[in-house]
>>> print(open('target38.txt').read())   # compact mmCIF, C-alpha atoms
# COMPACT_ATOMS: atom_id res chain seq x y z
CA ILE A 99 0.00 0.00 0.00
CA ILE A 100 2.83 2.39 0.86
CA ARG A 101 4.52 1.63 -2.48
CA GLN A 102 1.26 2.33 -4.29
CA LEU A 103 0.67 5.64 -2.49
CA ARG A 104 4.23 6.97 -2.64
CA PRO A 105 3.85 8.81 -5.99
CA GLN A 106 0.65 10.46 -4.76
CA ILE A 107 2.23 11.50 -1.46
CA GLU A 108 5.16 13.09 -3.29
CA LEU A 109 2.76 14.99 -5.56
CA GLU A 110 0.82 16.22 -2.54
CA LEU A 111 3.93 18.10 -1.41
CA ASP A 112 3.93 20.09 -4.66
CA PHE A 113 1.55 23.03 -4.13
CA GLU A 114 1.62 24.07 -7.77
CA ASN A 115 0.24 20.64 -8.58
CA GLU A 116 -2.45 21.13 -5.92
CA GLY A 117 -3.39 24.44 -7.49
CA ARG A 118 -3.74 22.80 -10.91
CA ASN A 119 -5.85 20.03 -9.36
CA SER A 120 -8.19 22.55 -7.75
CA GLU A 121 -8.73 24.32 -11.06
CA ALA A 122 -9.40 21.01 -12.82
CA CYS A 123 -11.94 20.10 -10.12
CA ALA A 124 -13.63 23.50 -10.51
CA ARG A 125 -13.94 22.95 -14.28
CA ASP A 126 -15.33 19.44 -13.87
CA LEU A 127 -17.99 20.52 -11.39
CA LYS A 128 -18.81 23.98 -12.74
CA HIS A 129 -22.31 22.82 -13.74
CA LEU A 130 -23.04 22.13 -10.06
CA GLN A 131 -23.75 25.61 -8.75
CA TRP A 132 -23.80 24.34 -5.18
CA ILE A 133 -20.11 23.37 -5.37
CA HIS A 134 -17.36 25.97 -4.95
CA VAL A 135 -13.60 25.51 -5.24
CA PRO A 136 -11.47 28.40 -3.88
CA ARG A 137 -9.56 30.31 -6.55
CA VAL A 138 -5.77 30.08 -6.65
CA HIS A 139 -3.72 33.30 -6.51
CA TRP A 140 -0.93 32.16 -8.81
CA HIS A 141 1.21 35.29 -8.37
CA LEU A 142 1.54 34.34 -4.69
CA THR A 143 1.97 30.59 -5.24
CA SER A 144 5.02 28.36 -5.67
CA LYS A 145 5.88 24.67 -5.20
CA ARG A 146 6.25 25.32 -1.47
CA LEU A 147 3.53 27.95 -0.96
CA LEU A 148 -0.13 27.85 -1.96
CA THR A 149 -2.27 30.98 -1.69
CA MET A 150 -5.99 30.59 -2.30
CA GLU A 151 -9.23 32.47 -1.88
CA PHE A 152 -10.38 32.56 1.75
CA CYS A 153 -13.79 30.96 2.27
CA GLU A 154 -15.76 30.91 5.48
CA GLY A 155 -18.03 28.02 6.30
CA ILE A 156 -19.08 25.33 8.73
CA ARG A 157 -17.36 21.95 8.83
CA ILE A 158 -19.67 19.46 7.16
CA ASN A 159 -19.75 17.16 10.21
CA ASP A 160 -20.73 19.92 12.64
CA VAL A 161 -24.38 18.89 12.76
CA GLU A 162 -25.35 21.26 15.58
CA ALA A 163 -23.94 24.32 13.80
CA LEU A 164 -25.51 23.35 10.48
CA SER A 165 -28.90 22.92 12.12
CA LEU A 166 -28.52 26.17 14.05
CA HIS A 167 -27.93 28.06 10.79
CA GLY A 168 -30.98 26.48 9.17
CA TYR A 169 -29.28 24.15 6.69
CA ASN A 170 -31.21 21.15 5.47
CA LEU A 171 -29.00 18.15 6.33
CA THR A 172 -30.69 15.98 3.71
CA ASP A 173 -29.87 18.59 1.09
CA VAL A 174 -26.25 18.77 2.26
CA SER A 175 -25.87 14.97 2.18
CA GLU A 176 -27.36 14.67 -1.28
CA LYS A 177 -25.12 17.39 -2.69
CA PHE A 178 -21.79 15.93 -1.61
CA ILE A 179 -22.79 12.39 -2.63
CA ARG A 180 -23.87 13.59 -6.08
CA ALA A 181 -20.70 15.65 -6.53
CA PHE A 182 -18.33 12.79 -5.76
CA ALA A 183 -20.44 10.31 -7.74
CA HIS A 184 -20.07 12.60 -10.76
CA GLN A 185 -16.29 12.55 -10.31
CA ILE A 186 -16.18 8.77 -9.99
CA PHE A 187 -18.47 7.79 -12.84
CA HIS A 188 -18.06 10.64 -15.32
CA THR A 189 -15.00 12.89 -15.02
CA GLY A 190 -12.59 10.30 -13.62
CA PHE A 191 -10.73 12.99 -11.65
CA VAL A 192 -11.53 11.92 -8.09
CA HIS A 193 -10.81 13.74 -4.83
CA ALA A 194 -9.12 11.05 -2.73
CA ASP A 195 -9.29 12.77 0.66
CA PRO A 196 -12.84 14.11 1.28
CA HIS A 197 -12.68 14.02 5.08
CA PRO A 198 -14.80 16.52 7.09
CA GLY A 199 -11.97 19.05 7.40
CA ASN A 200 -11.89 19.38 3.62
CA ILE A 201 -15.56 20.24 3.07
CA LEU A 202 -17.18 23.43 4.33
CA VAL A 203 -20.85 24.42 4.14
CA ARG A 204 -21.85 28.03 3.52
CA LYS A 205 -24.86 29.91 2.20
CA SER A 206 -25.01 29.83 -1.57
CA PRO A 207 -24.48 33.29 -3.11
CA ARG A 208 -26.22 32.05 -6.26
CA SER A 209 -29.53 31.14 -4.63
CA SER A 210 -32.39 33.38 -3.56
CA ARG A 211 -33.07 31.00 -0.66
CA GLY A 212 -31.32 32.27 2.44
CA ASN A 213 -30.39 28.84 3.76
CA ALA A 214 -29.50 27.09 0.47
CA ALA A 215 -26.24 25.24 1.07
CA GLN A 216 -23.12 25.55 -1.03
CA LEU A 217 -20.22 23.14 -0.43
CA VAL A 218 -16.65 24.44 -0.49
CA LEU A 219 -14.11 21.74 -1.44
CA LEU A 220 -10.63 22.15 0.02
CA ASP A 221 -7.24 20.36 -0.12
CA HIS A 222 -6.79 19.22 -3.72
CA GLY A 223 -3.37 17.64 -3.37
CA PHE A 224 -4.59 14.03 -3.30
CA TYR A 225 -6.39 12.94 -6.49
CA GLN A 226 -6.87 9.75 -8.46
CA VAL A 227 -7.40 9.65 -12.22
CA LEU A 228 -9.73 6.87 -13.42
CA SER A 229 -9.50 5.79 -17.04
CA GLU A 230 -12.59 5.75 -19.23
CA SER A 231 -12.59 1.94 -19.28
CA THR A 232 -12.40 1.79 -15.47
CA ARG A 233 -15.30 4.19 -15.14
CA LEU A 234 -17.41 2.28 -17.66
CA ASN A 235 -16.75 -1.07 -16.00
CA LEU A 236 -17.45 0.45 -12.60
CA ARG A 237 -20.79 1.81 -13.84
CA ARG A 238 -21.68 -1.53 -15.41
CA PHE A 239 -20.67 -3.35 -12.22
CA TRP A 240 -22.88 -1.08 -10.10
CA ILE A 241 -25.86 -1.67 -12.38
CA ALA A 242 -25.26 -5.44 -12.41
CA THR A 243 -25.09 -5.43 -8.61
CA VAL A 244 -28.42 -3.64 -8.34
CA CYS A 245 -29.92 -6.21 -10.72
CA ARG A 246 -28.10 -9.09 -8.93
CA ASP A 247 -26.69 -10.22 -12.28
CA ARG A 248 -23.82 -12.41 -11.09
CA VAL A 249 -22.49 -13.13 -14.58
CA ALA A 250 -22.17 -9.44 -15.43
CA MET A 251 -20.78 -8.69 -11.97
CA GLN A 252 -18.05 -11.27 -12.37
CA ARG A 253 -17.20 -10.04 -15.87
CA HIS A 254 -16.88 -6.37 -14.96
CA SER A 255 -15.15 -7.10 -11.66
CA ALA A 256 -12.48 -9.04 -13.57
CA LEU A 257 -12.09 -6.12 -15.97
CA LEU A 258 -11.53 -3.90 -12.93
CA GLY A 259 -8.73 -6.22 -11.83
CA ILE A 260 -10.55 -7.78 -8.89
CA GLU A 261 -11.39 -11.49 -8.67
CA ASN A 262 -13.78 -11.59 -5.69
CA TYR A 263 -16.81 -9.84 -7.17
CA GLU A 264 -19.06 -10.64 -4.20
CA LEU A 265 -16.80 -8.92 -1.68
CA LEU A 266 -16.20 -6.06 -4.11
CA ALA A 267 -19.97 -5.49 -4.36
CA GLU A 268 -20.44 -5.44 -0.58
CA ALA A 269 -17.48 -3.11 -0.10
CA LEU A 270 -18.64 -0.66 -2.77
CA MET A 271 -22.31 -0.71 -1.79
CA GLN A 272 -21.44 -0.81 1.94
CA ARG A 273 -24.19 -3.31 2.63
CA LEU A 274 -24.42 -7.08 2.91
CA ILE A 275 -25.54 -8.63 -0.36
CA PHE A 276 -24.21 -12.17 -0.54
CA THR A 277 -22.70 -12.72 2.92
CA LYS A 278 -24.46 -15.29 5.08
CA ILE A 279 -24.65 -14.31 8.72
CA PRO A 280 -22.65 -16.80 10.83
CA LEU A 281 -24.81 -18.96 13.09
CA GLU A 282 -22.56 -18.14 16.05
CA LEU A 283 -23.28 -14.43 15.64
CA LYS A 284 -27.03 -15.05 15.51
CA GLU A 285 -26.82 -17.01 18.75
CA ILE A 286 -25.08 -14.11 20.50
CA PHE A 287 -27.70 -11.63 19.27
CA ASN A 288 -30.54 -13.90 20.31
CA GLU A 289 -29.06 -14.15 23.78
CA SER A 290 -28.66 -10.36 24.01
CA SER A 291 -32.31 -9.85 23.00
CA LYS A 292 -33.47 -12.03 25.89
CA ARG A 293 -31.64 -9.81 28.38
CA GLY A 294 -33.81 -6.76 27.67
CA ARG A 295 -33.20 -3.48 25.91
CA SER A 296 -31.72 -1.53 28.83
CA LYS A 297 -29.24 -4.11 30.05
CA THR A 298 -25.64 -4.63 29.07
CA TRP A 299 -23.85 -7.81 29.98
CA LYS A 300 -20.42 -9.33 29.77
CA LEU A 301 -19.61 -11.83 27.09
CA THR A 302 -18.58 -15.31 28.03
CA PRO A 303 -15.03 -16.27 26.93
CA GLN A 304 -16.53 -18.48 24.23
CA GLN A 305 -18.73 -15.66 22.84
CA ASP A 306 -15.82 -13.26 23.03
CA GLN A 307 -13.70 -15.63 20.99
CA LYS A 308 -16.47 -16.15 18.41
CA LEU A 309 -16.85 -12.43 17.85
CA LYS A 310 -13.11 -11.98 17.53
CA SER A 311 -12.82 -14.85 15.04
CA ILE A 312 -15.64 -13.38 12.90
CA HIS A 313 -13.98 -9.97 13.10
CA GLU A 314 -10.60 -11.40 12.09
CA TYR A 315 -12.11 -13.36 9.19
CA TYR A 316 -13.71 -10.32 7.58
CA LYS A 317 -10.66 -8.22 8.34
CA SER A 318 -8.53 -10.78 6.54
CA GLU A 319 -10.89 -10.90 3.54
CA LEU A 320 -10.97 -7.11 3.22
CA ASN A 321 -7.21 -6.90 3.55
CA LYS A 322 -6.87 -9.44 0.72
CA LEU A 323 -9.22 -7.35 -1.38
CA MET A 324 -7.31 -4.13 -0.67
CA HIS A 325 -3.93 -5.67 -1.40
CA SER A 326 -5.07 -7.32 -4.64
CA MET A 327 -6.82 -4.34 -6.21
CA PRO A 328 -5.13 -1.90 -8.61
CA ARG A 329 -3.89 1.40 -7.20
CA ASP A 330 -6.63 3.47 -8.83
CA MET A 331 -9.28 1.28 -7.21
CA PHE A 332 -7.63 1.57 -3.80
CA LEU A 333 -7.92 5.36 -3.76
CA LEU A 334 -11.44 5.09 -5.16
CA PHE A 335 -12.37 2.97 -2.14
CA ARG A 336 -10.88 5.60 0.14
CA ASN A 337 -13.16 8.23 -1.39
CA MET A 338 -16.24 6.02 -1.11
CA PHE A 339 -15.59 5.03 2.48
CA LEU A 340 -15.09 8.63 3.58
CA VAL A 341 -18.22 9.78 1.74
CA SER A 342 -20.19 6.95 3.34
CA MET A 343 -18.95 7.94 6.80
CA LEU A 344 -19.94 11.55 6.14
CA ASN A 345 -23.42 10.37 5.26
CA TYR A 346 -23.53 8.50 8.60
CA ALA A 347 -22.32 11.61 10.40
CA LEU A 348 -25.27 13.58 9.04
CA GLY A 349 -27.72 10.91 10.14
CA ARG A 350 -27.96 8.75 7.00
CA ARG A 351 -30.70 11.00 5.63
CA VAL A 352 -29.84 10.06 2.05
CA ASP A 353 -29.76 6.64 0.42
CA ARG A 354 -26.23 6.69 -1.02
CA TYR A 355 -26.77 3.33 -2.74
CA THR A 356 -29.66 4.70 -4.85
CA LEU A 357 -28.03 8.06 -5.61
CA MET A 358 -24.86 6.37 -6.81
CA ALA A 359 -26.87 3.96 -8.98
CA ARG A 360 -28.74 6.87 -10.58
CA SER A 361 -25.45 8.58 -11.31
CA ALA A 362 -24.02 5.35 -12.77
CA ILE A 363 -26.70 5.07 -15.46
CA LYS A 364 -26.50 8.75 -16.38
CA GLY A 365 -24.08 9.56 -19.20
CA PRO A 366 -21.55 12.42 -19.11
CA ARG A 367 -23.86 14.64 -21.17
CA GLY A 368 -27.13 13.48 -19.67
CA GLN A 369 -27.34 10.35 -21.83
CA SER A 370 -28.36 7.24 -19.94
CA ILE A 371 -26.26 4.10 -20.23
CA SER A 372 -27.87 1.48 -22.45
CA PHE A 373 -29.37 -1.63 -20.88
CA GLU A 374 -29.07 -5.05 -22.48
CA SER A 375 -32.84 -5.48 -22.52
CA LEU A 376 -36.10 -3.90 -21.40
CA ARG A 377 -36.34 -6.61 -18.77
CA GLN A 378 -33.00 -5.56 -17.28
CA ARG A 379 -34.11 -1.92 -17.15
CA PHE A 380 -37.32 -2.91 -15.39
CA GLN A 381 -35.39 -5.08 -12.94
CA PHE A 382 -33.00 -2.19 -12.24
CA GLU A 383 -35.80 0.30 -11.59
CA TYR A 384 -37.78 -2.15 -9.48
CA SER A 385 -34.73 -3.10 -7.40
CA LEU A 386 -33.89 0.54 -6.77
CA TRP A 387 -37.48 1.34 -5.83
CA LEU A 388 -37.57 -1.60 -3.42
CA ALA A 389 -34.22 -0.62 -1.88
CA SER A 390 -35.39 2.99 -1.50
CA VAL A 391 -38.65 2.03 0.20
CA SER A 392 -36.83 -0.37 2.51
CA TYR A 393 -34.25 2.30 3.37
CA LYS A 394 -36.86 4.94 4.18
CA PHE A 395 -38.90 2.50 6.25
CA THR A 396 -35.82 1.46 8.22
CA GLN A 397 -34.90 5.10 8.83
CA LEU A 398 -38.41 5.89 10.03
CA LEU A 399 -38.48 2.87 12.32
CA GLN A 400 -35.08 3.72 13.80
CA THR A 401 -36.16 7.32 14.39
CA ILE A 402 -39.30 6.23 16.22
CA LEU A 403 -37.44 3.72 18.40
CA ARG A 404 -34.69 6.24 19.11
CA LEU A 405 -37.31 8.72 20.34
CA LEU A 406 -38.77 6.00 22.53
CA GLY A 407 -35.36 5.27 24.01
CA TYR A 408 -34.80 1.91 22.35
CA LEU A 409 -31.89 3.12 20.23
CA PRO A 410 -29.03 5.47 21.13
CA ASP A 411 -27.39 7.87 18.66
CA GLN A 412 -25.38 6.36 15.88
CA ILE A 413 -21.80 5.41 16.58
CA ALA A 414 -20.54 6.88 13.33
CA THR A 415 -22.12 10.25 14.10
CA ASP A 416 -20.42 10.41 17.49
CA ALA A 417 -17.13 9.50 15.90
CA PHE A 418 -17.31 12.17 13.24
CA LYS A 419 -18.22 14.85 15.78
CA GLN A 420 -14.85 14.13 17.33
CA TRP A 421 -12.91 14.01 14.06
CA SER A 422 -9.91 16.30 14.52
CA PRO A 423 -9.50 19.46 12.39
CA ASP A 424 -6.32 18.14 10.76
CA GLY A 425 -8.25 15.26 9.21
CA ALA A 426 -7.19 12.50 11.58
CA SER A 427 -9.07 9.28 11.23
CA ALA A 428 -12.25 8.51 13.09
CA SER A 429 -11.07 4.94 13.47
CA SER A 430 -9.52 5.65 16.86
CA VAL A 431 -12.89 6.85 18.13
CA LEU A 432 -14.75 3.96 16.53
CA GLU A 433 -12.30 1.44 17.92
CA GLY A 434 -12.91 2.77 21.42
CA ARG A 435 -16.58 1.86 21.05
CA THR A 436 -16.41 -1.31 18.99
CA GLU A 437 -13.56 -3.00 20.80
CA LYS A 438 -15.77 -3.10 23.89
CA VAL A 439 -17.83 -5.76 22.16
CA GLY A 440 -15.17 -8.28 23.00
CA GLN A 441 -14.17 -6.87 26.37
CA THR A 442 -17.02 -5.36 28.30
CA ASP A 443 -20.56 -5.50 26.97
CA LEU A 444 -22.89 -5.92 24.04
CA ARG A 445 -23.89 -2.27 23.67
CA LEU A 446 -23.02 -2.44 19.97
CA VAL A 447 -25.37 -5.37 19.55
CA THR A 448 -28.32 -3.81 21.36
CA ASP A 449 -27.92 -0.53 19.45
CA VAL A 450 -29.37 -1.98 16.26
CA LYS A 451 -32.52 -3.92 17.12
CA ALA A 452 -34.75 -1.74 14.97
CA ASP A 453 -33.10 -2.48 11.64
CA ARG A 454 -34.96 -4.84 9.32
CA SER A 455 -32.19 -7.29 10.09
CA CYS A 456 -30.30 -6.54 13.28
CA TYR A 457 -27.83 -9.24 12.37
CA ASP A 458 -27.02 -7.62 9.03
CA LEU A 459 -26.53 -4.12 10.41
CA SER A 460 -24.51 -5.32 13.37
CA LEU A 461 -22.16 -7.27 11.15
CA GLN A 462 -21.92 -4.23 8.91
CA ARG A 463 -20.73 -2.21 11.91
CA LEU A 464 -18.12 -4.82 12.70
CA ILE A 465 -16.94 -4.59 9.09
CA SER A 466 -17.23 -0.78 9.19
CA LYS A 467 -14.44 -0.58 11.72
CA MET A 468 -12.13 -2.46 9.37
CA ARG A 469 -13.09 -0.20 6.49
CA THR A 470 -12.44 2.89 8.61
CA ARG A 471 -8.97 1.61 9.41
CA VAL A 472 -8.24 1.25 5.71
CA CYS A 473 -9.53 4.64 4.66
CA GLY A 474 -8.34 6.53 7.73
CA LYS A 475 -4.82 5.13 8.12
CA PRO A 476 -3.58 4.10 4.67
CA ALA A 477 0.05 4.22 5.68
CA THR A 478 -0.34 1.68 8.49
CA SER A 479 -3.12 -0.56 7.16
>>> encode(input="target38.txt", output="structure tokens")
Amino acid sequence: IIRQLRPQIELELDFENEGRNSEACARDLKHLQWIHVPRVHWHLTSKRLLTMEFCEGIRINDVEALSLHGYNLTDVSEKFIRAFAHQIFHTGFVHADPHPGNILVRKSPRSSRGNAAQLVLLDHGFYQVLSESTRLNLRRFWIATVCRDRVAMQRHSALLGIENYELLAEALMQRLIFTKIPLELKEIFNESSKRGRSKTWKLTPQQDQKLKSIHEYYKSELNKLMHSMPRDMFLLFRNMFLVSMLNYALGRRVDRYTLMARSAIKGPRGQSISFESLRQRFQFEYSLWLASVSYKFTQLLQTILRLLGYLPDQIATDAFKQWSPDGASASSVLEGRTEKVGQTDLRLVTDVKADRSCYDLSLQRLISKMRTRVCGKPATS
């Protein structure tokens, strides 16, 4: 991983290169009036000094401040997901470090609405260029995943340079698609449910070991995936993981899975990607509709149960509130909460009863910690 990232790290130390990147990003996203990239003052810039337009704004993960200023958090979430999806699927010039310190929210000077949000993108030293063939195969793979077309998934995954198409799909979509929940994990959750919603209890040594073995298995599988994928895909994953965590930080108000799928079928000039048949198009639309309804229902159910005291605030939101201004990883915060699963109690388990499958979401959170390690600490993963 270090060998793969070394050229990018060296480029990040060249501020003239960062200035050129910021201007390229501004050109790519100029049609999105709710995106702003600070202008570069070239007469005051060199390889060791970068002088840019000063922009005031609120850090995108500061939920309290955003709410206080009247910003619609759903609108904010949708805007940054759409912006980065456009980079990934259409321009191929992808910001590889969209952590909360690099995105500010301010009032849009182009809108008559007083609280319309405009996102200011900062720190353009770390970018990944995706070839046209990579973008096309990625779009096709996303569509095939939505349609559960295993043959097409395997074909386009291989063209992306990744053999394990099932794990690739789950990592990109950030949801369980093919993984079967281990029986041992179900037994632990069933036991926790019998203890009542307000109780926490210590794991037995056997349960502790089972959780650790499951954790280590998925950690190993994800590490294999990360080490086997091409460099451009590695930095793409970093972008997607950080964007997904930002969505969690704002309360998961937007279905990232559906938004990304819509962007995948849309061509660079508004032309939709062609489907192999009318049946495939119908299956795609139906699958997206079903996923959207399920997502909204789950969100509503979680909100109701949270108000009733059955669910605490989301772990990811707490972690991102504590994300340091210099862009340090949230993994240290997440680890402090998730490691307790094997040491102290089952709070993580009882946090997720309201999901349509508490087993699925809980396992996703176990996997989420591994993903956060990868995207937050690339040099030590």
>>> residues_around(input="target38.txt", residues="Leu258 (chain A)", least_positions_apart="6", cutoff="10 Å", atoms="only C-alpha atoms", output="MDAnalysis selection string")
chainID A and resid 231:236 239 252 327:328 330:331
>>> residues_around(input="target38.txt", residues="Leu142 (chain A)", least_positions_apart="6", cutoff="12 Å", atoms="all atoms listed in the file", output="list of chain:residue names")
A:Phe113, A:Glu114, A:Gly117, A:Leu148, A:Thr149, A:Met150, A:Glu151
>>> atom_distance(input="target38.txt", atom1="CA of Ala359 (chain A)", atom2="CA of Val249 (chain A)")
18.5 Å
>>> atom_distance(input="target38.txt", atom1="CA of Glu108 (chain A)", atom2="CA of Asp126 (chain A)")
23.9 Å
>>> residues_around(input="target38.txt", residues="Gly190 (chain A)", least_positions_apart="5", cutoff="6 Å", atoms="only C-alpha atoms", output="PyMOL selection string")
chain A and resi 185+227-228
>>> residues_around(input="target38.txt", residues="Ile158 (chain A)", least_positions_apart="3", cutoff="6 Å", atoms="all atoms listed in the file", output="short mmCIF file (atom, residue, chain, number, x, y, z; two decimals) with C-alpha atoms, in the coordinates of the input")
data_model
loop_
_atom_site.label_atom_id
_atom_site.label_comp_id
_atom_site.auth_asym_id
_atom_site.auth_seq_id
_atom_site.Cartn_x
_atom_site.Cartn_y
_atom_site.Cartn_z
CA PRO A 198 -14.80 16.52 7.09
CA ILE A 201 -15.56 20.24 3.07
CA LEU A 202 -17.18 23.43 4.33
CA VAL A 203 -20.85 24.42 4.14
#
>>> closest_residue(input="target38.txt", among="A:Ala181, A:Ala267, A:Leu127, A:Leu166", to="Arg246 (chain A)", atoms="all atoms listed in the file")
A:Ala267
>>> residues_around(input="target38.txt", residues="Ile179 (chain A)", least_positions_apart="5", cutoff="10 Å", atoms="only C-alpha atoms", output="NGL selection string")
:A and (174 or 184 or 338 or 341-342 or 344-345 or 352-355 or 357-358 or 361)
>>> write_last_selection(input="target38.txt", atoms="C-alpha atoms", output="PDB file, in the coordinates of the input")
ATOM      1  CA  VAL A 174     -26.250  18.770   2.260  1.00  0.00           C
ATOM      2  CA  HIS A 184     -20.070  12.600 -10.760  1.00  0.00           C
ATOM      3  CA  MET A 338     -16.240   6.020  -1.110  1.00  0.00           C
ATOM      4  CA  VAL A 341     -18.220   9.780   1.740  1.00  0.00           C
ATOM      5  CA  SER A 342     -20.190   6.950   3.340  1.00  0.00           C
ATOM      6  CA  LEU A 344     -19.940  11.550   6.140  1.00  0.00           C
ATOM      7  CA  ASN A 345     -23.420  10.370   5.260  1.00  0.00           C
ATOM      8  CA  VAL A 352     -29.840  10.060   2.050  1.00  0.00           C
ATOM      9  CA  ASP A 353     -29.760   6.640   0.420  1.00  0.00           C
ATOM     10  CA  ARG A 354     -26.230   6.690  -1.020  1.00  0.00           C
ATOM     11  CA  TYR A 355     -26.770   3.330  -2.740  1.00  0.00           C
ATOM     12  CA  LEU A 357     -28.030   8.060  -5.610  1.00  0.00           C
ATOM     13  CA  MET A 358     -24.860   6.370  -6.810  1.00  0.00           C
ATOM     14  CA  SER A 361     -25.450   8.580 -11.310  1.00  0.00           C
TER      15      SER A 361
END
>>> closest_residue(input="target38.txt", among="A:Gly199, A:Arg379, A:Gln400, A:Gln106", to="Asp160 (chain A)", atoms="only C-alpha atoms")
A:Gly199
>>> atom_distance(input="target38.txt", atom1="CA of Ala194 (chain A)", atom2="CA of Phe332 (chain A)")
9.7 Å
>>> closest_residue(input="target38.txt", among="A:Ala269, A:Leu340, A:Ile241, A:Cys153", to="Leu217 (chain A)", atoms="only C-alpha atoms")
A:Cys153
>>> axis_aligned_box(input="target38.txt", around="region 226-242 of chain A", padding_each_side="8 Å", output="JSON")
{"center_x": -16.4, "center_y": 2.2, "center_z": -13.9, "size_x": 35.0, "size_y": 31.2, "size_z": 26.8}
>>> closest_residue(input="target38.txt", among="A:Thr356, A:Thr189, A:Gln304, A:Gln378", to="Ser390 (chain A)", atoms="all atoms listed in the file")
A:Thr356
>>> closest_residue(input="target38.txt", among="A:Leu257, A:Ile186, A:Ala214, A:Ala242", to="Arg336 (chain A)", atoms="only C-alpha atoms")
A:Ile186
>>> closest_residue(input="target38.txt", among="A:Arg351, A:Asp195, A:Glu383, A:Gln216", to="Phe335 (chain A)", atoms="only C-alpha atoms")
A:Asp195
